[in-house]
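Contents: one structure, followed by commentary.
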Amino acid sequence: METLIVDHVAKSFAATQAVKDVSFAVEAGEIFALLGPNGAGKTTTIRMVLDLLKPDRGSISVLGGPMSAETRDRIGYLPEDRGLYRKLKLLDCLVFLAGLKGVASGEARQRAQAYLERFDLAEHSQKKVNELSRGMQQKAQFIVALLHDPDLLIVDEPFAGLDPVNVRLIKEVLREQAAAGKTIILSAHEMYLVQELARRMVMINHGRVVLYGPIAEVRRKFAANAVIVEGHGDLGTLPDVTSVQRQNGRAVLQLKEGASPQQILRTLSRNDHFTVERFEVALPSLDDIFVQVAQEEDV
Amino acid sequence: MQRLLYIAKFEYFRHLRRRMFLLTTFGVPLLLVAGFVLLFTALVLTNQPESAIGYVDQADVIPADAEALLPATETPLPVPLRAYPDEAAAQEAFVAGDIAAYVVIPPDYLDSGRVTAYGAEELSMEGEQSLHTLLRAGLLEDATPQVIARAFDPIETLRRSTLDGGRTIVGGGIWFVLLPYLFGMLFLVATFSSSSYLLQAIVEEKENRTMEIVVTSVNPSQLIAGKTLGLGALGLTQALVWLLFGALLAGVGAIFFEPLRTFNLPGDILLIALLAFIPGYLLFAGLMIGIGAMVSSQQEGQQMASMLTLSGMLPFILNFVFVTNPNGALAVGLSLFPLSAPLALVMRLPLAQVPFWQILLSLGLLTAGAVLVVLTVGRIFRLGMLHHGKAIRPGELVRLLRTS
């Protein structure tokens with residue numbers, strides 16, 4: 001079942017067409033990556049999903065239908081432009097924002113305190129928001145998105161500006177949420193984290209969908225006909241290989257057209273002068289694919 | 001509705017706790033009270049009534065039974081006056097401490113009106129009042145009791161009527177002039193402080209980027225309505241505090257000052273003022289929300305808001321027009337123009353018989369203006385709420401409103 005269906009939406013601002021034609025669906029309980037270069041139309045798409053902007057064309061179904069007050073309460077949102085009431089005490093600020101989502105004050109206070117403990121912010125709960133560091137504010141903002149226990153969590157750049165310890169913490173929480181059946185839409189520029197967390201993705205560029213599907217499939221689609229080999233000895237002459245590149249103790253073998261990795265593996269297994277320790281089809285990283293697609297689109 | 005009230009409550013208490021609000025709400029009246037207390041203390045300290053005052057009546061104007069001539073309505077002499085046959089006797093009594101001072105009424109008193117006091121730098125207010133009363137009673141020795149009574153209170157009831165004779169105010173001459181100003185002040189406090197808090201709250205949420213979070217939780221109409229309600233209540237609280245301080249001051253002051261005792265507030269004016277306050281506040285609140293949604297900083301917002309406030313305060317600035325010609329073209333025009341209507345109407349009412357149709361038209365235009373602004377501002381707010389750090393120019397706004 002789909003938690004979100006975006007169907008051929010478009011949005012213009014005066015002469016600028018921010019989103020031309022975007023369609024994708026997010027399945028319940030998955031971590032879904034919404035990717036794209038700066039200015040591609042991601043934030044506009046998110047704002048249309050959240051009903052902050054009305055699409056000029058197309059339709060959006062969130063949690064089984066159009067946006068309603070009830071649906072709004074089931075969505076958690078971490079916007080790219082972070083914002084909290086700077087002059088309020090941290091705990092009061094969290095409680096107020098949870099209250100806006102319909103969480104009773106006592107319950108909100110209890111949940112907020114638990115999250116503050118987990119995010120190592122408990123000792124700052126009585127400090128005013130403007131007295132907190134940027135990283136702390138970022139974590140507090142993340143707590144705001146979670147406090148009302150939403151079914152759909154939309155997080156825009158959740159890792160920006162965080163140290164590795166906190167990146168790990170956010171990753172952990174996102175995984176827990178997904179394991180608990182929550183749907184997560186993750187928009188981030190740290191491709192290695194996206195690759196690690198998300199199962200499926202959509203990439204938008206210039207207001208259109210340029211890549212869509214399971215990340216593994218997208219990577220396979222972009223894979224050059226190459227294999228990575230690690231081992232000891234002399235590789236010798238490999239008939240189906242056009243070039244060998246050596247990188248950090250491993251060899252990347254570019255295959256001739258029509259040659260398959262299986263053929264190479266067979267040839268290597270017959271070579272008594274080389275011991276294979278690792279053999280894998282060379283898949284490009286999401287980062288490489290992102291750069292390649294973004295650049296191709298710009299040409 | 002629940003969220004609307006939640007936002008209203010949040011905004012109310014958030015601003016209520018602010019130092020600036022507390023300072024303005026309690027600081028200003030406290031300053032007034034302090035000034036009043038200082039003035040009163042100075043008055044009391046410098047004015048000590050004498051135990052008794054002597055007098056030497058060389059003009060023979062005060063008969064022995066002068067006090068018996070006083071009308072029944074007159075209070076007894078606050079300072080006892082004792083007659084002495086000559087200055088030497090009076091001086092002797094003064095030296096003996098029987099009297100605190102003495103006055104000499106010279107033989108030419110009837111022509112000159114001159115009286116000389118000895119023994120004190122100046123007589124107390126009560127001492128002077130006693131002397132005045134006794135002299136007046138003496139001078140009226142041969143008059144009938146009716147004339148005496150009238151001489152002591154020549155105008156018992158003063159009816160004040162507007163030039164067209166339509167409205168009559170009984171007593172309290174000072175209120176005739178002050179009432180419009182007091183109404184004006186209260187209206188200004190309640191409306192302008194509320195709407196400026198509203199502007200501040202909207203721009204603050206845009207500046208600190210909480211807006212995007214808030215509008216994903218409640219719809220913009222709920223947000224606007226909640227803020228308008230909460231901050232309207234805040235403005236009323238401020239006005240109420242000032243009103244209470246004012247009433248307290250007036251109550252205490254009435255013990256000492258006659259005019260404060262005669263104050264009465266006409267019910268019809270109060271009703272119309274209330275009817276004007278609600279759409280008046282909504283109109284200004286709506287405009288402030290619109291400005292808040294369009295601008296990118298507090299400073300920019302305040303600049304635009306000050307122009308609006310100025311239009312609203314115009315009747316206050318042009319108050320002489322209302323006093324001299326409350327039914328003139330300018331006064332009528334200002335009471336029909338929605339931005340100045342609430343104040344202009346309320347200022348005209350005590351000064352003239354405002355035709356009923358003008359009251360209706362004024363309230364009607366004001367309400368229509370408020371409704372129009374509230375409806376339009378919802379759209380401006382939607383357009384402007386996500387424009388961080390970038391102001392929307394009026395031309396761009398018109399285009400956006402047409403295309404959105």
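How things are named: the first chain in the structure tokens is A, the next is B, and so on; residues count from 1 in each chain; ligands count from 1 in the order shown.
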
Non-local contacts of A:His232 (8 Å; only C-alpha atoms; under 6 positions in same chain excluded) as number ranges by chain: A: 274-277

Restrict the selected residues to N, CA, C and O atoms and save them as a short mmCIF file (atom, residue, chain, number, x, y, z; two decimals), in the first residue's frame.
```cif
data_model
loop_
_atom_site.label_atom_id
_atom_site.label_comp_id
_atom_site.auth_asym_id
_atom_site.auth_seq_id
_atom_site.Cartn_x
_atom_site.Cartn_y
_atom_site.Cartn_z
N PHE A 274 47.06 -16.88 -9.98
CA PHE A 274 46.31 -15.83 -9.29
C PHE A 274 45.28 -16.43 -8.34
O PHE A 274 44.51 -17.32 -8.70
N THR A 275 45.30 -15.94 -7.09
CA THR A 275 44.31 -16.41 -6.11
C THR A 275 43.26 -15.30 -5.93
O THR A 275 43.60 -14.18 -5.55
N VAL A 276 42.02 -15.64 -6.20
CA VAL A 276 40.93 -14.64 -6.06
C VAL A 276 40.49 -14.55 -4.60
O VAL A 276 40.18 -15.56 -3.98
N GLU A 277 40.54 -13.34 -4.06
CA GLU A 277 40.04 -13.12 -2.68
C GLU A 277 38.69 -12.44 -2.70
O GLU A 277 37.87 -12.63 -1.80
#
```

Test item: chain B residues at most 8 Å from chain A, counting only C-alpha atoms, as a ChimeraX atom specification: /B:3,6-7,10,205,208-219,382,400,403

Pick from B:Leu135, B:Leu349, B:Val374, B:Val332 nearest to B:Leu361, counting only C-alpha atoms: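 Looking only at the distances to B:Leu361, the closest residue turns out to be B:Val332.
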
Atomic separation - atom CA of A:Ala18 relative to atom CA of A:Thr44, Å: 7.0 Å

Within 6 Å of A:Gly58 using only C-alpha atoms, minus same-chain residues under 5 positions, as a JSON list (two decimals) with C-alpha atoms, in the first residue's frame:
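Okay, this is what ended up in out-v4.json:
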```json
[["chain", "number", "residue", "atom", "x", "y", "z"],
["A", 7, "ASP", "CA", 0.74, 12.12, -9.76],
["A", 8, "HIS", "CA", 1.99, 14.44, -12.55],
["A", 9, "VAL", "CA", 2.20, 17.56, -10.43]]
```

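Comparing the minimum interatomic distances between B:Val321 and each of B:Val147, B:Leu43, B:Leu351, B:Val373, counting only C-alpha atoms, we find that B:Leu351 sits nearest.
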
Helix (DSSP H, G or I) residues, from DSSP on the backbone, in stretch 60-187 of chain A, as a PyMOL selection string: chain A and resi 69-73+90-100+105-118+122-124+129-131+134-146+164-179

Distance of atom CA of B:Leu140 from atom CA of B:Glu87, expressed in Å to one decimal place: 25.0 Å

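The closest residue to B:Ser51, picked from B:Ser193, B:Gln146, B:Gln303, B:Ser124 and counting only C-alpha atoms, is B:Ser124.
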
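All residues of stretch 40-172 of chain B that DSSP, run on the backbone, classes as strand (DSSP E or B) are B:Ile53, B:Gly54, B:Tyr55, B:Val56, B:Asp57, B:Leu81, B:Arg82, B:Ala83, B:Ala101, B:Tyr102, B:Val103, B:Val104, B:Ile105, B:Thr116, B:Ala117, B:Tyr118, B:Arg159, B:Arg160, B:Ser161, B:Thr168, B:Ile169, B:Val170.
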
Could you save those same residues with N, CA and C atoms as a PDB file, in the first residue's frame?
```
ATOM      1  N   ILE B  53      -7.665  81.464  62.975  1.00  0.00           N
ATOM      2  CA  ILE B  53      -7.143  82.715  62.409  1.00  0.00           C
ATOM      3  C   ILE B  53      -7.932  83.863  63.049  1.00  0.00           C
ATOM      4  N   GLY B  54      -7.218  84.917  63.391  1.00  0.00           N
ATOM      5  CA  GLY B  54      -7.910  86.078  63.948  1.00  0.00           C
ATOM      6  C   GLY B  54      -8.190  87.094  62.854  1.00  0.00           C
ATOM      7  N   TYR B  55      -9.145  87.962  63.105  1.00  0.00           N
ATOM      8  CA  TYR B  55      -9.353  89.052  62.148  1.00  0.00           C
ATOM      9  C   TYR B  55      -9.748  90.344  62.862  1.00  0.00           C
ATOM     10  N   VAL B  56      -9.316  91.440  62.251  1.00  0.00           N
ATOM     11  CA  VAL B  56      -9.649  92.759  62.784  1.00  0.00           C
ATOM     12  C   VAL B  56     -10.459  93.448  61.697  1.00  0.00           C
ATOM     13  N   ASP B  57     -11.739  93.628  61.940  1.00  0.00           N
ATOM     14  CA  ASP B  57     -12.654  94.138  60.911  1.00  0.00           C
ATOM     15  C   ASP B  57     -12.793  95.659  61.037  1.00  0.00           C
ATOM     16  N   LEU B  81     -12.527  81.265  62.793  1.00  0.00           N
ATOM     17  CA  LEU B  81     -12.083  82.668  62.698  1.00  0.00           C
ATOM     18  C   LEU B  81     -12.530  83.402  63.976  1.00  0.00           C
ATOM     19  N   ARG B  82     -11.584  84.133  64.565  1.00  0.00           N
ATOM     20  CA  ARG B  82     -11.930  84.855  65.811  1.00  0.00           C
ATOM     21  C   ARG B  82     -11.775  86.354  65.586  1.00  0.00           C
ATOM     22  N   ALA B  83     -12.787  87.118  66.034  1.00  0.00           N
ATOM     23  CA  ALA B  83     -12.750  88.582  65.863  1.00  0.00           C
ATOM     24  C   ALA B  83     -11.975  89.250  67.009  1.00  0.00           C
ATOM     25  N   ALA B 101      -2.443  83.054  62.826  1.00  0.00           N
ATOM     26  CA  ALA B 101      -2.222  84.264  62.016  1.00  0.00           C
ATOM     27  C   ALA B 101      -3.417  85.184  62.224  1.00  0.00           C
ATOM     28  N   TYR B 102      -3.290  86.384  61.768  1.00  0.00           N
ATOM     29  CA  TYR B 102      -4.478  87.252  61.799  1.00  0.00           C
ATOM     30  C   TYR B 102      -4.487  88.126  60.556  1.00  0.00           C
ATOM     31  N   VAL B 103      -5.696  88.549  60.183  1.00  0.00           N
ATOM     32  CA  VAL B 103      -5.827  89.422  59.016  1.00  0.00           C
ATOM     33  C   VAL B 103      -6.494  90.734  59.430  1.00  0.00           C
ATOM     34  N   VAL B 104      -6.099  91.750  58.719  1.00  0.00           N
ATOM     35  CA  VAL B 104      -6.686  93.061  58.986  1.00  0.00           C
ATOM     36  C   VAL B 104      -7.500  93.457  57.760  1.00  0.00           C
ATOM     37  N   ILE B 105      -8.788  93.738  57.996  1.00  0.00           N
ATOM     38  CA  ILE B 105      -9.659  94.202  56.917  1.00  0.00           C
ATOM     39  C   ILE B 105      -9.713  95.729  57.066  1.00  0.00           C
ATOM     40  N   THR B 116      -4.925  92.319  54.602  1.00  0.00           N
ATOM     41  CA  THR B 116      -3.528  92.004  54.903  1.00  0.00           C
ATOM     42  C   THR B 116      -3.474  90.924  55.981  1.00  0.00           C
ATOM     43  N   ALA B 117      -2.634  89.907  55.713  1.00  0.00           N
ATOM     44  CA  ALA B 117      -2.466  88.829  56.695  1.00  0.00           C
ATOM     45  C   ALA B 117      -1.147  89.007  57.422  1.00  0.00           C
ATOM     46  N   TYR B 118      -1.132  88.714  58.711  1.00  0.00           N
ATOM     47  CA  TYR B 118       0.094  88.795  59.511  1.00  0.00           C
ATOM     48  C   TYR B 118       0.348  87.452  60.188  1.00  0.00           C
ATOM     49  N   ARG B 159     -26.107  72.603  32.355  1.00  0.00           N
ATOM     50  CA  ARG B 159     -26.421  71.680  31.253  1.00  0.00           C
ATOM     51  C   ARG B 159     -25.590  72.111  30.071  1.00  0.00           C
ATOM     52  N   ARG B 160     -24.851  71.193  29.523  1.00  0.00           N
ATOM     53  CA  ARG B 160     -24.048  71.522  28.354  1.00  0.00           C
ATOM     54  C   ARG B 160     -24.659  70.847  27.146  1.00  0.00           C
ATOM     55  N   SER B 161     -24.859  71.622  26.134  1.00  0.00           N
ATOM     56  CA  SER B 161     -25.524  71.075  24.961  1.00  0.00           C
ATOM     57  C   SER B 161     -24.613  71.247  23.753  1.00  0.00           C
ATOM     58  N   THR B 168     -27.110  66.504  25.265  1.00  0.00           N
ATOM     59  CA  THR B 168     -26.923  67.329  26.449  1.00  0.00           C
ATOM     60  C   THR B 168     -26.115  66.547  27.465  1.00  0.00           C
ATOM     61  N   ILE B 169     -25.123  67.201  28.011  1.00  0.00           N
ATOM     62  CA  ILE B 169     -24.354  66.548  29.070  1.00  0.00           C
ATOM     63  C   ILE B 169     -24.553  67.380  30.332  1.00  0.00           C
ATOM     64  N   VAL B 170     -24.932  66.713  31.392  1.00  0.00           N
ATOM     65  CA  VAL B 170     -25.194  67.431  32.626  1.00  0.00           C
ATOM     66  C   VAL B 170     -23.961  67.381  33.499  1.00  0.00           C
TER      67      VAL B 170
END
```

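For the choices A:Leu35, A:Ala28, A:Lys20, A:Val165, the atom-to-atom distance to A:Val202 is smallest for A:Leu35 when using only C-alpha atoms.
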
Shell around stretch 341-347 of chain B at 6 Å using only C-alpha atoms, local window under 2 positions removed, as a ChimeraX atom specification: /B:180,184,273,276,280,315,334-339,349

Convert the current residue selection to file output with N, CA and C atoms, as a compact mmCIF listing (two decimals), in the first residue's frame.
```txt
# COMPACT_ATOMS: atom_id res chain seq x y z
N PRO B 180 -13.80 62.50 24.65
CA PRO B 180 -13.33 61.98 23.35
C PRO B 180 -11.88 61.53 23.39
N GLY B 184 -10.47 57.87 22.71
CA GLY B 184 -9.41 57.76 21.71
C GLY B 184 -8.21 57.02 22.24
N ALA B 273 -19.03 52.62 20.72
CA ALA B 273 -17.58 52.47 20.80
C ALA B 273 -17.20 50.99 20.74
N ALA B 276 -17.68 49.65 17.29
CA ALA B 276 -16.62 50.11 16.39
C ALA B 276 -15.30 49.42 16.70
N GLY B 280 -12.94 47.48 13.97
CA GLY B 280 -11.75 48.35 13.92
C GLY B 280 -10.50 47.54 14.19
N PRO B 315 -7.67 61.30 13.39
CA PRO B 315 -8.65 62.08 14.15
C PRO B 315 -8.05 62.66 15.44
N LEU B 334 -13.77 61.74 7.98
CA LEU B 334 -12.87 60.87 8.76
C LEU B 334 -13.64 59.76 9.47
N SER B 335 -14.90 60.05 9.83
CA SER B 335 -15.66 58.99 10.51
C SER B 335 -16.26 57.99 9.53
N LEU B 336 -16.18 58.30 8.23
CA LEU B 336 -16.67 57.32 7.25
C LEU B 336 -15.52 56.50 6.64
N PHE B 337 -14.31 57.07 6.60
CA PHE B 337 -13.15 56.37 6.05
C PHE B 337 -12.74 55.26 7.02
N PRO B 338 -12.80 53.98 6.57
CA PRO B 338 -12.64 52.86 7.53
C PRO B 338 -11.41 52.96 8.44
N LEU B 339 -10.27 53.42 7.91
CA LEU B 339 -9.07 53.41 8.76
C LEU B 339 -9.18 54.39 9.92
N LEU B 349 -19.00 61.44 18.82
CA LEU B 349 -20.24 61.13 19.55
C LEU B 349 -20.50 62.02 20.78
```

For stretch 63-79 of chain B: contacts at 8 Å, only C-alpha atoms, fewer than 3 positions along chain excluded, given as a list in words: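 Listing them by chain and then by number gives Pro49, Glu50, Ser51, Ala52, Ile53, Asp60, Glu126, Gly127, Gln129, Ser130, Thr133, Leu134, Ala137, Gly138, Glu141, Pro145, Ile148, Ala149 and Phe152 of chain B.
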
Among listed residues A:Asp240, A:Asp163, A:Asp120, A:Glu107, nearest A:Glu257 (using only C-alpha atoms): A:Asp240

Atomic separation - atom CA of B:Phe21 relative to atom CA of B:Phe245, Å: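 Pair atom CA of B:Phe245 / atom CA of B:Phe21 returns 16.1 Å.
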
Shell of 12 Å around B:Val33, only C-alpha atoms, local chain residues under 2 positions omitted, as an MDAnalysis selection string: chainID B and resid 26:31 35:41 242 244:250 252:253

Test item: residues at most 6 Å from stretch 187-189 of chain A, only C-alpha atoms, excluding those fewer than 3 positions along its chain, as a PyMOL selection string: chain A and resi 33-35+156-157
